[in-house]
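Okay, coords_32.csv now, which holds CSV, C-alpha atoms:
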chain,number,residue,atom,x,y,z
L,1,MET,CA,-9.1,31.7,7.0
L,2,ALA,CA,-9.0,31.0,3.2
L,3,ILE,CA,-9.5,27.2,3.5
L,4,ALA,CA,-11.6,24.9,5.6
L,5,ALA,CA,-10.5,24.6,9.2
L,6,LYS,CA,-10.6,20.8,8.9
L,7,ILE,CA,-8.2,20.9,5.9
L,8,SER,CA,-6.0,23.4,7.7
L,9,ALA,CA,-5.7,21.1,10.7
L,10,SER,CA,-5.0,18.1,8.5
L,11,LEU,CA,-2.2,20.0,6.8
L,12,GLU,CA,-0.5,20.3,10.1
L,13,LYS,CA,-0.4,16.5,10.6
L,14,SER,CA,-0.1,15.5,6.9
L,15,SER,CA,2.3,13.0,5.5
L,16,TRP,CA,5.8,12.9,6.9
L,17,ILE,CA,6.9,11.2,3.7
L,18,ARG,CA,6.2,14.3,1.6
L,19,LYS,CA,7.8,16.6,4.3
L,20,MET,CA,11.0,14.6,4.2
L,21,PHE,CA,11.0,14.3,0.5
L,22,GLU,CA,10.8,18.1,0.2
L,23,GLN,CA,13.6,18.4,2.7
L,24,GLY,CA,15.6,16.2,0.5
L,25,ASN,CA,15.1,18.5,-2.4
L,26,GLU,CA,16.6,21.3,-0.4
L,27,LEU,CA,19.6,19.2,0.6
L,28,ARG,CA,20.3,18.3,-3.0
L,29,LYS,CA,20.5,21.9,-3.9
L,30,ILE,CA,23.2,22.4,-1.3
L,31,HIS,CA,25.2,19.2,-1.5
L,32,GLY,CA,24.4,17.8,-5.0
L,33,ASN,CA,22.4,14.6,-5.9
L,34,ASP,CA,25.2,12.2,-5.3
L,35,ASN,CA,25.7,13.3,-1.7
L,36,VAL,CA,22.2,13.0,-0.4
L,37,PHE,CA,20.7,9.6,0.5
L,38,ASP,CA,17.0,9.8,0.2
L,39,PHE,CA,15.1,6.8,1.5
L,40,THR,CA,11.8,8.6,2.0
L,41,ILE,CA,9.4,7.8,-0.8
L,42,GLY,CA,8.3,4.6,-2.4
L,43,ASN,CA,8.8,5.9,-5.9
L,44,PRO,CA,10.4,3.0,-7.9
L,45,ALA,CA,13.7,3.8,-9.6
L,46,ILE,CA,13.3,0.7,-11.7
L,47,GLU,CA,11.7,0.9,-15.2
L,48,PRO,CA,8.6,-0.9,-16.4
L,49,PRO,CA,9.1,-4.3,-18.0
L,50,ASP,CA,9.9,-4.4,-21.7
L,51,ALA,CA,6.5,-5.8,-22.5
L,52,PHE,CA,4.9,-2.5,-21.3
L,53,ASN,CA,6.9,-0.5,-23.9
L,54,ARG,CA,6.2,-3.0,-26.7
L,55,HIS,CA,2.5,-2.9,-26.1
L,56,LEU,CA,2.5,0.9,-25.7
L,57,LEU,CA,4.3,1.3,-29.0
L,58,GLU,CA,1.9,-1.1,-30.7
L,59,LEU,CA,-1.1,0.9,-29.5
L,60,ALA,CA,0.5,4.1,-30.6
L,61,GLN,CA,1.3,2.8,-34.1
L,62,HIS,CA,-2.0,0.8,-34.5
L,63,PRO,CA,-4.6,2.7,-32.4
L,64,ILE,CA,-8.0,1.1,-31.7
L,65,PRO,CA,-10.8,3.3,-33.1
L,66,GLY,CA,-12.4,5.1,-30.1
L,67,MET,CA,-9.7,4.1,-27.7
L,68,HIS,CA,-9.7,7.5,-26.0
L,69,ARG,CA,-13.4,7.8,-25.5
L,70,TYR,CA,-15.5,7.3,-22.4
L,71,MET,CA,-16.2,3.7,-21.4
L,72,SER,CA,-18.4,2.0,-18.8
L,73,ASN,CA,-17.7,3.6,-15.3
L,74,ALA,CA,-16.4,0.2,-14.2
L,75,GLY,CA,-13.8,0.1,-16.9
L,76,TYR,CA,-13.3,-1.8,-20.1
L,77,GLU,CA,-14.8,-5.3,-20.1
L,78,GLU,CA,-11.7,-6.9,-21.6
L,79,THR,CA,-9.5,-5.3,-18.9
L,80,ARG,CA,-11.7,-6.4,-16.1
L,81,LYS,CA,-12.0,-9.9,-17.5
L,82,ALA,CA,-8.2,-10.2,-17.8
L,83,ILE,CA,-7.8,-9.1,-14.1
L,84,ALA,CA,-10.7,-11.4,-13.0
L,85,ASP,CA,-8.9,-14.3,-14.8
L,86,ARG,CA,-5.6,-13.5,-13.0
L,87,ILE,CA,-7.2,-13.4,-9.6
L,88,SER,CA,-9.2,-16.6,-10.3
L,89,GLU,CA,-5.9,-18.5,-10.5
L,90,SER,CA,-5.6,-18.3,-6.7
L,91,SER,CA,-9.3,-17.6,-5.7
L,92,PRO,CA,-11.4,-20.6,-4.6
L,93,GLN,CA,-14.3,-19.2,-6.6
L,94,PRO,CA,-13.7,-17.8,-10.1
L,95,LEU,CA,-14.2,-14.1,-10.6
L,96,GLU,CA,-15.9,-12.5,-13.6
L,97,ALA,CA,-15.5,-9.0,-15.1
L,98,ARG,CA,-18.5,-7.8,-13.1
L,99,HIS,CA,-16.5,-8.3,-9.9
L,100,ILE,CA,-13.9,-5.7,-10.9
L,101,VAL,CA,-13.9,-1.9,-11.0
L,102,MET,CA,-10.9,-0.1,-12.6
L,103,THR,CA,-9.8,2.8,-10.5
L,104,CYS,CA,-7.3,5.6,-10.3
L,105,GLY,CA,-4.7,3.7,-8.4
L,106,ALA,CA,-5.0,1.8,-5.1
L,107,GLY,CA,-5.9,5.1,-3.4
L,108,GLY,CA,-8.8,5.4,-5.7
L,109,ALA,CA,-9.8,1.8,-5.0
L,110,LEU,CA,-9.7,2.3,-1.3
L,111,ASN,CA,-11.7,5.5,-1.4
L,112,VAL,CA,-14.3,4.0,-3.7
L,113,THR,CA,-14.6,1.0,-1.3
L,114,LEU,CA,-14.9,3.1,1.8
L,115,LYS,CA,-17.5,5.4,0.1
L,116,THR,CA,-19.5,2.4,-0.8
L,117,ILE,CA,-19.7,0.8,2.7
L,118,LEU,CA,-19.4,3.6,5.3
L,119,ASP,CA,-22.2,5.4,7.0
L,120,PRO,CA,-21.2,8.4,9.1
L,121,GLY,CA,-19.7,7.2,12.4
L,122,ASP,CA,-18.9,3.7,11.2
L,123,GLU,CA,-15.5,2.5,12.4
L,124,VAL,CA,-12.7,1.0,10.3
L,125,ILE,CA,-9.9,-0.9,12.1
L,126,VAL,CA,-6.4,-0.3,11.0
L,127,LEU,CA,-3.3,-2.2,12.3
L,128,ASN,CA,-0.3,-0.2,13.5
L,129,PRO,CA,1.9,0.5,11.7
L,130,PHE,CA,-0.1,1.5,8.7
L,131,PHE,CA,0.1,3.6,5.5
L,132,VAL,CA,-0.1,7.2,6.5
L,133,GLU,CA,-3.1,8.2,4.3
L,134,TYR,CA,-5.5,5.6,5.7
L,135,ARG,CA,-6.8,8.0,8.4
L,136,PHE,CA,-7.6,10.6,5.8
L,137,TYR,CA,-9.2,8.1,3.4
L,138,ILE,CA,-11.5,6.9,6.2
L,139,ASP,CA,-12.4,10.4,7.3
L,140,ASN,CA,-13.2,11.4,3.7
L,141,HIS,CA,-16.3,9.2,3.9
L,142,GLY,CA,-17.5,9.9,7.4
L,143,GLY,CA,-15.7,7.0,9.0
L,144,VAL,CA,-13.8,6.8,12.2
L,145,THR,CA,-10.3,5.2,12.4
L,146,LYS,CA,-9.7,2.7,15.2
L,147,GLU,CA,-6.1,1.8,15.6
L,148,VAL,CA,-5.1,-1.7,16.8
L,149,PRO,CA,-1.5,-2.7,17.7
L,150,THR,CA,0.1,-5.6,15.9
L,151,VAL,CA,2.2,-8.3,17.7
L,152,PRO,CA,5.4,-6.6,18.9
L,153,GLU,CA,8.6,-7.4,16.9
L,154,THR,CA,6.7,-9.5,14.2
L,155,PHE,CA,4.1,-6.8,13.2
L,156,LEU,CA,1.6,-9.6,12.5
L,157,PRO,CA,-2.1,-9.1,13.3
L,158,ASP,CA,-3.0,-9.6,16.9
L,159,ILE,CA,-6.3,-11.5,16.6
L,160,SER,CA,-7.2,-11.0,20.3
L,161,ALA,CA,-6.6,-7.3,20.1
L,162,ILE,CA,-8.7,-7.0,16.9
L,163,GLU,CA,-11.5,-8.9,18.6
L,164,ARG,CA,-11.5,-6.5,21.5
L,165,ALA,CA,-11.7,-3.6,19.1
L,166,ILE,CA,-14.7,-4.8,17.1
L,167,GLY,CA,-18.0,-3.3,18.2
L,168,GLY,CA,-21.4,-2.4,17.0
L,169,LYS,CA,-20.1,0.4,14.8
L,170,THR,CA,-17.3,-1.7,13.1
L,171,ARG,CA,-17.8,-1.8,9.4
L,172,ALA,CA,-14.4,-2.9,8.1
L,173,ILE,CA,-10.9,-3.9,8.9
L,174,LEU,CA,-8.2,-2.6,6.5
L,175,ILE,CA,-5.0,-4.6,6.2
L,176,ASN,CA,-1.9,-4.2,4.0
L,177,SER,CA,0.2,-7.3,3.1
L,178,PRO,CA,3.0,-7.2,2.0
L,179,ASN,CA,3.0,-4.4,4.5
L,180,ASN,CA,4.1,-0.8,4.1
L,181,PRO,CA,6.2,0.1,6.2
L,182,THR,CA,7.4,-3.3,7.6
L,183,GLY,CA,7.5,-5.6,4.6
L,184,VAL,CA,5.7,-8.3,6.6
L,185,VAL,CA,3.5,-10.8,4.8
L,186,TYR,CA,0.4,-12.1,6.6
L,187,PRO,CA,0.2,-16.0,6.5
L,188,ALA,CA,-2.8,-18.0,5.5
L,189,GLU,CA,-3.4,-19.3,9.1
L,190,LEU,CA,-3.8,-15.8,10.4
L,191,LEU,CA,-6.2,-14.9,7.6
L,192,ASP,CA,-8.3,-18.0,8.5
L,193,GLU,CA,-8.4,-16.8,12.1
L,194,LEU,CA,-9.4,-13.3,11.0
L,195,GLY,CA,-12.0,-14.6,8.7
L,196,ALA,CA,-13.6,-16.7,11.4
L,197,LEU,CA,-13.6,-13.7,13.8
L,198,LEU,CA,-15.3,-11.5,11.3
L,199,GLU,CA,-18.0,-14.1,10.6
L,200,ARG,CA,-18.6,-14.5,14.3
L,201,LYS,CA,-18.7,-10.8,15.0
L,202,GLY,CA,-20.9,-10.2,12.0
L,203,ARG,CA,-23.5,-12.6,13.3
L,204,GLU,CA,-23.2,-11.1,16.8
L,205,TYR,CA,-23.8,-7.5,15.6
L,206,ARG,CA,-26.0,-8.5,12.7
L,207,ARG,CA,-24.1,-6.5,10.1
L,208,THR,CA,-21.5,-7.3,7.4
L,209,ILE,CA,-18.0,-6.6,8.5
L,210,TYR,CA,-15.7,-6.2,5.5
L,211,LEU,CA,-12.0,-7.1,5.1
L,212,ILE,CA,-10.4,-4.6,2.8
L,213,SER,CA,-7.0,-5.9,1.6
L,214,ASP,CA,-4.7,-3.2,0.3
L,215,GLU,CA,-2.3,-5.1,-2.0
L,216,PRO,CA,-0.1,-2.9,-4.2
L,217,TYR,CA,3.0,-5.0,-3.3
L,218,ALA,CA,1.3,-8.3,-3.9
L,219,ARG,CA,3.9,-9.5,-6.5
L,220,ILE,CA,7.0,-8.1,-4.8
L,221,LEU,CA,7.9,-11.1,-2.6
L,222,TYR,CA,11.2,-12.5,-1.5
L,223,ASP,CA,12.8,-15.8,-0.4
L,224,GLY,CA,9.9,-17.9,-1.7
L,225,ALA,CA,7.3,-16.0,0.4
L,226,HIS,CA,3.7,-16.6,-0.7
L,227,LEU,CA,0.9,-14.1,-0.5
L,228,PRO,CA,-2.4,-15.9,0.2
L,229,CYS,CA,-5.5,-14.8,-1.7
L,230,VAL,CA,-7.8,-13.3,0.9
L,231,PHE,CA,-10.8,-14.6,-0.9
L,232,ALA,CA,-9.7,-18.1,0.1
L,233,HIS,CA,-9.9,-17.2,3.8
L,234,ILE,CA,-12.4,-14.3,4.2
L,235,ARG,CA,-15.8,-14.2,2.6
L,236,ASN,CA,-16.7,-10.5,2.8
L,237,ALA,CA,-13.4,-9.3,1.3
L,238,VAL,CA,-12.4,-6.7,-1.1
L,239,ILE,CA,-9.0,-6.3,-2.8
L,240,ALA,CA,-7.7,-2.8,-3.5
L,241,THR,CA,-4.6,-2.6,-5.5
L,242,SER,CA,-2.6,-0.9,-8.3
L,243,HIS,CA,0.1,-1.6,-10.8
L,244,SER,CA,2.3,1.2,-9.4
L,245,LYS,CA,4.8,-1.2,-7.9
L,246,ASP,CA,4.6,-4.5,-9.8
L,247,LEU,CA,4.8,-2.7,-13.2
L,248,ALA,CA,6.6,0.4,-11.9
L,249,LEU,CA,3.8,2.7,-13.1
L,250,PRO,CA,3.1,4.9,-10.1
L,251,GLY,CA,2.6,8.1,-12.2
L,252,GLU,CA,0.0,6.4,-14.4
L,253,ARG,CA,-2.5,5.9,-11.5
L,254,ILE,CA,-3.9,2.6,-12.7
L,255,GLY,CA,-5.5,0.2,-10.2
L,256,TYR,CA,-8.7,-1.7,-9.4
L,257,LEU,CA,-10.9,-3.1,-6.7
L,258,ALA,CA,-12.0,-6.7,-6.8
L,259,ALA,CA,-14.9,-8.2,-4.7
L,260,ASN,CA,-15.1,-11.7,-3.5
L,261,PRO,CA,-17.9,-13.4,-5.5
L,262,ALA,CA,-18.9,-15.2,-2.3
L,263,MET,CA,-19.5,-11.8,-0.5
L,264,ASP,CA,-22.9,-11.0,1.0
L,265,ASP,CA,-25.0,-9.1,-1.6
L,266,VAL,CA,-22.0,-8.9,-4.0
L,267,ASP,CA,-24.1,-7.4,-6.8
L,268,GLN,CA,-25.3,-4.6,-4.6
L,269,PHE,CA,-21.8,-3.9,-3.5
L,270,MET,CA,-20.5,-3.7,-7.0
L,271,ALA,CA,-23.4,-1.4,-8.1
L,272,GLY,CA,-22.5,0.9,-5.1
L,273,ALA,CA,-18.8,0.8,-6.0
L,274,ILE,CA,-19.4,1.7,-9.7
L,275,PHE,CA,-21.7,4.5,-8.6
L,276,SER,CA,-19.1,5.7,-6.0
L,277,ASN,CA,-16.3,5.6,-8.6
L,278,ARG,CA,-18.4,8.1,-10.7
L,279,ILE,CA,-19.6,10.5,-8.0
L,280,LEU,CA,-16.1,10.8,-6.4
L,281,GLY,CA,-15.0,12.4,-9.6
L,282,TYR,CA,-12.6,9.6,-10.7
L,283,VAL,CA,-15.3,8.5,-13.3
L,284,ASN,CA,-12.8,6.2,-15.2
L,285,ALA,CA,-9.3,4.9,-14.8
L,286,PRO,CA,-7.1,6.2,-17.6
L,287,ALA,CA,-8.2,4.5,-20.9
L,288,LEU,CA,-4.8,4.0,-22.4
L,289,MET,CA,-3.5,2.3,-19.2
L,290,GLN,CA,-6.5,0.1,-19.0
L,291,ARG,CA,-5.7,-1.2,-22.5
L,292,LEU,CA,-2.1,-1.8,-21.6
L,293,VAL,CA,-2.5,-3.6,-18.2
L,294,ALA,CA,-5.0,-6.0,-19.7
L,295,ARG,CA,-2.1,-7.4,-21.6
L,296,LEU,CA,0.3,-7.4,-18.7
L,297,GLN,CA,-1.4,-9.4,-16.0
L,298,HIS,CA,1.5,-12.0,-15.9
L,299,GLU,CA,4.3,-9.4,-16.2
L,300,SER,CA,6.3,-7.9,-13.4
L,301,VAL,CA,9.4,-5.8,-12.8
L,302,ASP,CA,12.6,-7.7,-11.8
L,303,ILE,CA,11.9,-8.8,-8.2
L,304,ALA,CA,15.5,-10.0,-7.9
L,305,ALA,CA,16.8,-6.4,-8.2
L,306,TYR,CA,14.6,-5.4,-5.3
L,307,GLN,CA,15.8,-8.4,-3.2
L,308,GLU,CA,19.4,-7.4,-4.0
L,309,LYS,CA,18.8,-3.9,-2.6
L,310,ARG,CA,17.0,-5.3,0.4
L,311,ASP,CA,19.9,-7.5,1.3
L,312,LEU,CA,22.5,-4.8,0.8
L,313,LEU,CA,20.8,-2.3,3.1
L,314,TYR,CA,19.4,-4.9,5.6
L,315,ASN,CA,22.8,-6.6,6.0
L,316,HIS,CA,24.6,-3.4,6.5
L,317,ILE,CA,22.4,-1.6,9.0
L,318,THR,CA,21.8,-4.7,11.1
L,319,ALA,CA,25.5,-5.3,11.3
L,320,LEU,CA,25.8,-1.8,12.6
L,321,GLY,CA,23.3,-2.6,15.4
L,322,PHE,CA,20.0,-1.4,14.0
L,323,ALA,CA,17.3,-3.9,14.8
L,324,THR,CA,14.7,-4.6,12.1
L,325,VAL,CA,12.4,-7.3,10.9
L,326,LYS,CA,13.7,-8.7,7.5
L,327,PRO,CA,11.1,-7.9,4.9
L,328,GLN,CA,9.3,-10.7,3.1
L,329,GLY,CA,7.9,-8.4,0.5
L,330,ALA,CA,7.4,-4.7,-0.6
L,331,PHE,CA,10.5,-2.5,-0.6
L,332,TYR,CA,10.8,-1.0,2.9
L,333,LEU,CA,12.7,-1.5,6.1
L,334,PHE,CA,11.3,-0.4,9.4
L,335,PRO,CA,14.2,-0.4,11.9
L,336,ARG,CA,13.8,0.5,15.6
L,337,THR,CA,15.5,3.8,16.4
L,338,PRO,CA,18.3,3.7,19.0
L,339,ILE,CA,16.5,6.5,20.9
L,340,GLU,CA,12.9,6.7,21.8
L,341,ASP,CA,12.2,9.9,19.9
L,342,ASP,CA,12.1,8.8,16.3
L,343,VAL,CA,11.6,12.4,15.1
L,344,ALA,CA,14.8,13.4,16.8
L,345,PHE,CA,16.6,10.5,15.3
L,346,VAL,CA,15.4,11.6,11.8
L,347,GLN,CA,16.7,15.0,12.4
L,348,ARG,CA,20.1,13.7,13.6
L,349,ALA,CA,20.3,11.5,10.4
L,350,LEU,CA,20.1,14.7,8.4
L,351,LYS,CA,23.6,15.6,9.6
L,352,TYR,CA,24.8,12.8,7.4
L,353,ASN,CA,22.4,13.7,4.5
L,354,ILE,CA,20.3,10.5,5.3
L,355,LEU,CA,16.6,11.1,4.8
L,356,THR,CA,14.2,8.7,6.5
L,357,VAL,CA,10.6,8.9,7.6
L,358,PRO,CA,9.7,8.7,11.4
L,359,GLY,CA,7.6,5.7,12.4
L,360,SER,CA,5.2,8.0,14.3
L,361,GLY,CA,3.9,9.0,10.9
L,362,PHE,CA,2.8,5.4,10.4
L,363,GLY,CA,1.2,5.2,13.8
L,364,MET,CA,4.2,3.6,15.5
L,365,ALA,CA,6.8,5.8,17.2
L,366,GLY,CA,10.3,4.5,17.9
L,367,HIS,CA,11.0,3.4,14.3
L,368,VAL,CA,11.9,4.9,10.9
L,369,ARG,CA,10.9,3.7,7.4
L,370,LEU,CA,13.5,3.3,4.7
L,371,ALA,CA,12.4,2.9,1.1
L,372,TYR,CA,15.0,0.9,-0.8
L,373,CYS,CA,13.3,1.1,-4.2
L,374,VAL,CA,16.0,3.6,-5.0
L,375,ASP,CA,19.1,3.2,-7.2
L,376,LYS,CA,21.5,0.6,-5.9
L,377,ALA,CA,24.4,3.0,-6.4
L,378,MET,CA,22.7,5.4,-3.9
L,379,ILE,CA,22.4,2.7,-1.3
L,380,GLU,CA,26.1,1.9,-1.8
L,381,ARG,CA,27.1,5.5,-1.5
L,382,SER,CA,25.1,5.8,1.7
L,383,LEU,CA,26.8,3.0,3.6
L,384,PRO,CA,29.6,5.2,5.1
L,385,ALA,CA,27.0,7.7,6.2
L,386,TRP,CA,25.1,4.9,8.0
L,387,GLU,CA,28.3,3.9,9.7
L,388,LYS,CA,28.8,7.5,11.0
L,389,LEU,CA,25.2,7.7,12.2
L,390,ALA,CA,25.5,4.4,14.0
L,391,ALA,CA,28.7,5.5,15.7
L,392,GLU,CA,27.0,8.6,17.0
L,393,PHE,CA,24.5,6.3,18.8
L,394,ALA,CA,26.9,3.5,19.7
L,395,HIS,CA,26.5,4.3,23.5
L,396,ALA,CA,23.0,5.6,23.5

Produce structure tokens that represent the structure in this file.
Amino acid sequence: MAIAAKISASLEKSSWIRKMFEQGNELRKIHGNDNVFDFTIGNPAIEPPDAFNRHLLELAQHPIPGMHRYMSNAGYEETRKAIADRISESSPQPLEARHIVMTCGAGGALNVTLKTILDPGDEVIVLNPFFVEYRFYIDNHGGVTKEVPTVPETFLPDISAIERAIGGKTRAILINSPNNPTGVVYPAELLDELGALLERKGREYRRTIYLISDEPYARILYDGAHLPCVFAHIRNAVIATSHSKDLALPGERIGYLAANPAMDDVDQFMAGAIFSNRILGYVNAPALMQRLVARLQHESVDIAAYQEKRDLLYNHITALGFATVKPQGAFYLFPRTPIEDDVAFVQRALKYNILTVPGSGFGMAGHVRLAYCVDKAMIERSLPAWEKLAAEFAHA
């Protein structure tokens, strides 16, 4: 075998998102772009805000001497300060630049955090359904994934189930709110309960149990929904996030991790995170993007455009009989499939050139994920195809 057996095995169970995206490319060759309805990947069709282009042009025309050189492994001081100031607006304890590490996207932030805290065999609790790469990220650093179900229908954390899952090897719980794939936002009361649980269990097992909050959709909220700052509710908390979604910059791979200043041994954690950022090979987040996002901490893409797309697709498929929670944030729907086998449903949808991702890829079979960050016109073109697909299952 030319590659490691472990990687070979992982390839067999790797991301359904990419598999379906590639299948979409094949369908487009056959039927043309306008006749394929691809809801597989969270790759925003929207453009970055105008302020991004203005600042990019300004930097290009008036470059800062040395702006492309190496910097501190944690990132530029001014960028980290700008982010710390932004988080401090909702954090009960102000953050400083020293509490931030700039990373190559949220994926980089998660891997750096896990590398910093995990010893081989340590367990990380994830809540079903969850982002498909979490298992691999945890395994990267010798950890063991422990899946815990959420409350049926609402997809909110089940505190009792989490309590039963915590043991002597638990090192962290990884949450994602607004959630991918459901769009659910975790309320402050639940975070309070979770924080109290982690404190109690930490004392019981005499070890720090971290809360890692994956927040790339933090600014994509609808209908007046509010995302609580986890630092206000959980002491040993880390935020991992990126500007891929709120500034529509997924290809730029610019993100960061932020540690709660109230965390146990926060300075030691930050030293570990900066070291991990270096030895994992990320070394620095892209210099140009660091310069830019420092100026864009109060900018965002047009959230109303996402809400319009959400309403268009949600209203149509629910009227056809598909049951789904209405997203409070992010840009995904997670409807229940009319048959138990979600993979079979995904294959049937291909008859109508509709591409979705099976929920089994997110740790929850019997659902599919739909990414509605696509062009509105594509959603509109897809509506007749959804009607045909629903009709096929009308008596299932």

Per-residue nearest contacts of region 280-379 of chain L to region 50-69 of chain L (12 Å; all atoms listed in the file) as a Markdown table:
| residue | atom | partner | partner_atom | distance |
| --- | --- | --- | --- | --- |
| L:Asn284 | CA | L:Arg69 | CA | 10.4 |
| L:Ala285 | CA | L:His68 | CA | 11.5 |
| L:Pro286 | CA | L:His68 | CA | 8.9 |
| L:Ala287 | CA | L:His68 | CA | 6.1 |
| L:Leu288 | CA | L:His68 | CA | 7.0 |
| L:Met289 | CA | L:Leu56 | CA | 9.0 |
| L:Gln290 | CA | L:Met67 | CA | 10.1 |
| L:Arg291 | CA | L:Met67 | CA | 8.4 |
| L:Leu292 | CA | L:His55 | CA | 6.5 |
| L:Val293 | CA | L:Phe52 | CA | 8.1 |
| L:Ala294 | CA | L:His55 | CA | 10.3 |
| L:Arg295 | CA | L:His55 | CA | 7.9 |
| L:Leu296 | CA | L:Phe52 | CA | 7.2 |
| L:Gln297 | CA | L:Phe52 | CA | 10.7 |
| L:His298 | CA | L:Ala51 | CA | 10.3 |
| L:Glu299 | CA | L:Ala51 | CA | 7.6 |
| L:Ser300 | CA | L:Ala51 | CA | 9.3 |
| L:Val301 | CA | L:Asp50 | CA | 9.0 |
| L:Asp302 | CA | L:Asp50 | CA | 10.8 |

- Message: Excluding region 322-325 of chain L and its own-chain neighbours fewer than 5 positions away, which residues fall within 10 Å of it when counting all atoms listed in the file? Please give them as JSON, numbers by chain.
- Response: {"L": [153, 154, 155, 182, 183, 184, 314, 315, 316, 317, 333, 334, 335, 336, 337, 338, 367, 368, 390]}

Shell of 6 Å around region 92-106 of chain L, only C-alpha atoms, local chain residues under 4 positions omitted, as an mmCIF file with C-alpha atoms, keeping the file's coordinate frame:
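Generated file (result25.cif):
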data_model
loop_
_atom_site.group_PDB
_atom_site.id
_atom_site.type_symbol
_atom_site.label_atom_id
_atom_site.label_comp_id
_atom_site.auth_asym_id
_atom_site.auth_seq_id
_atom_site.Cartn_x
_atom_site.Cartn_y
_atom_site.Cartn_z
ATOM 1 C CA ALA L 74 -16.400 0.200 -14.200
ATOM 2 C CA GLY L 75 -13.800 0.100 -16.900
ATOM 3 C CA ARG L 80 -11.700 -6.400 -16.100
ATOM 4 C CA LYS L 81 -12.000 -9.900 -17.500
ATOM 5 C CA ALA L 84 -10.700 -11.400 -13.000
ATOM 6 C CA SER L 88 -9.200 -16.600 -10.300
ATOM 7 C CA ALA L 232 -9.700 -18.100 0.100
ATOM 8 C CA ALA L 240 -7.700 -2.800 -3.500
ATOM 9 C CA THR L 241 -4.600 -2.600 -5.500
ATOM 10 C CA SER L 242 -2.600 -0.900 -8.300
ATOM 11 C CA ARG L 253 -2.500 5.900 -11.500
ATOM 12 C CA ILE L 254 -3.900 2.600 -12.700
ATOM 13 C CA GLY L 255 -5.500 0.200 -10.200
ATOM 14 C CA TYR L 256 -8.700 -1.700 -9.400
ATOM 15 C CA LEU L 257 -10.900 -3.100 -6.700
ATOM 16 C CA ALA L 258 -12.000 -6.700 -6.800
ATOM 17 C CA ALA L 259 -14.900 -8.200 -4.700
ATOM 18 C CA ALA L 285 -9.300 4.900 -14.800
#

- Message: So, with all atoms listed in the file as the atoms that count, which of L:Pro187, L:Gly366, L:Gly321, L:Gly329 lies closest to Val230 (chain L)?
- Response: L:Pro187

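Nearest-residue note for Gly108 (chain L): choosing from L:Val357, L:Ala319, L:Ile209, L:Val283, the minimum distance belongs to L:Val283, counting only C-alpha atoms.
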
- Item | Computed interatomic separation between CA of Tyr210 (chain L) and CA of Ala237 (chain L) (Å) |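 Taking CA of Tyr210 (chain L) as the start and CA of Ala237 (chain L) as the end point, the length is 5.7 Å.
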
- Point out the residue among L:Phe362, L:Tyr352, L:Tyr137, L:Phe331 with the least atom-to-atom distance to Ile46 (chain L), counting all atoms listed in the file.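 Of L:Phe362, L:Tyr352, L:Tyr137, L:Phe331, the one nearest Ile46 (chain L), counting all atoms listed in the file, is L:Phe331.
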
- Do you have the CA of Leu27 (chain L)-CA of Phe39 (chain L) distance handy?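 Interatomic distance here is 13.2 Å.
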
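Proximity ranking of L:Ala225, L:Ile339, L:Ile173, L:Leu156 relative to Ala394 (chain L) places L:Ile339 first, based on only C-alpha atoms.
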
- Query: Pick from L:Asp264, L:Asp341, L:Asp214, L:Glu77: nearest to Ala365 (chain L), with all atoms listed in the file counted?
  - Reply: L:Asp341

- Query: For Pro216 (chain L), which residue among L:Met71, L:Leu247, L:Val124, L:Ala349 is the nearest when counting all atoms listed in the file?
  - Reply: L:Leu247

- Task: Please work out which residues fall within 12 Å of (24.4, 10.7, 13.8), coordinates as given in the file, with only C-alpha atoms counting, and return them as a list of chain:residue names.
- Result: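 The distance filter leaves exactly L:Thr337, L:Pro338, L:Ile339, L:Ala344, L:Phe345, L:Val346, L:Gln347, L:Arg348, L:Ala349, L:Leu350, L:Lys351, L:Tyr352, L:Asn353, L:Ile354, L:Leu355, L:Pro384, L:Ala385, L:Trp386, L:Glu387, L:Lys388, L:Leu389, L:Ala390, L:Ala391, L:Glu392, L:Phe393, L:Ala394, L:His395, L:Ala396.
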
- Between CA of Pro44 (chain L) and CA of Gln328 (chain L), what is the spacing in Å?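 So the answer is 17.6 Å.
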
- Message: For Gly272 (chain L), find every residue with an atom within 8 Å (counting all atoms listed in the file), except residues of its own chain fewer than 4 positions away, and show them as a list in words.
- Response: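 Near Gly272 (chain L), the qualifying residues are Thr116, Gln268 and Ser276 of chain L.
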
Next, dump the selected residues to file, keeping only C-alpha atoms, as a compact mmCIF listing (two decimals), keeping the file's coordinate frame.
# COMPACT_ATOMS: atom_id res chain seq x y z
CA THR L 116 -19.50 2.40 -0.80
CA GLN L 268 -25.30 -4.60 -4.60
CA SER L 276 -19.10 5.70 -6.00

- Task: Excluding Tyr134 (chain L) and any residue of its chain fewer than 6 positions from it, enumerate the residues within 12 Å of it, using all atoms listed in the file, and give them as a ChimeraX atom specification.
- Result: /L:14-15,106-108,110-111,114,124-128,140-141,143-147,173-176,180,212,214,361-363
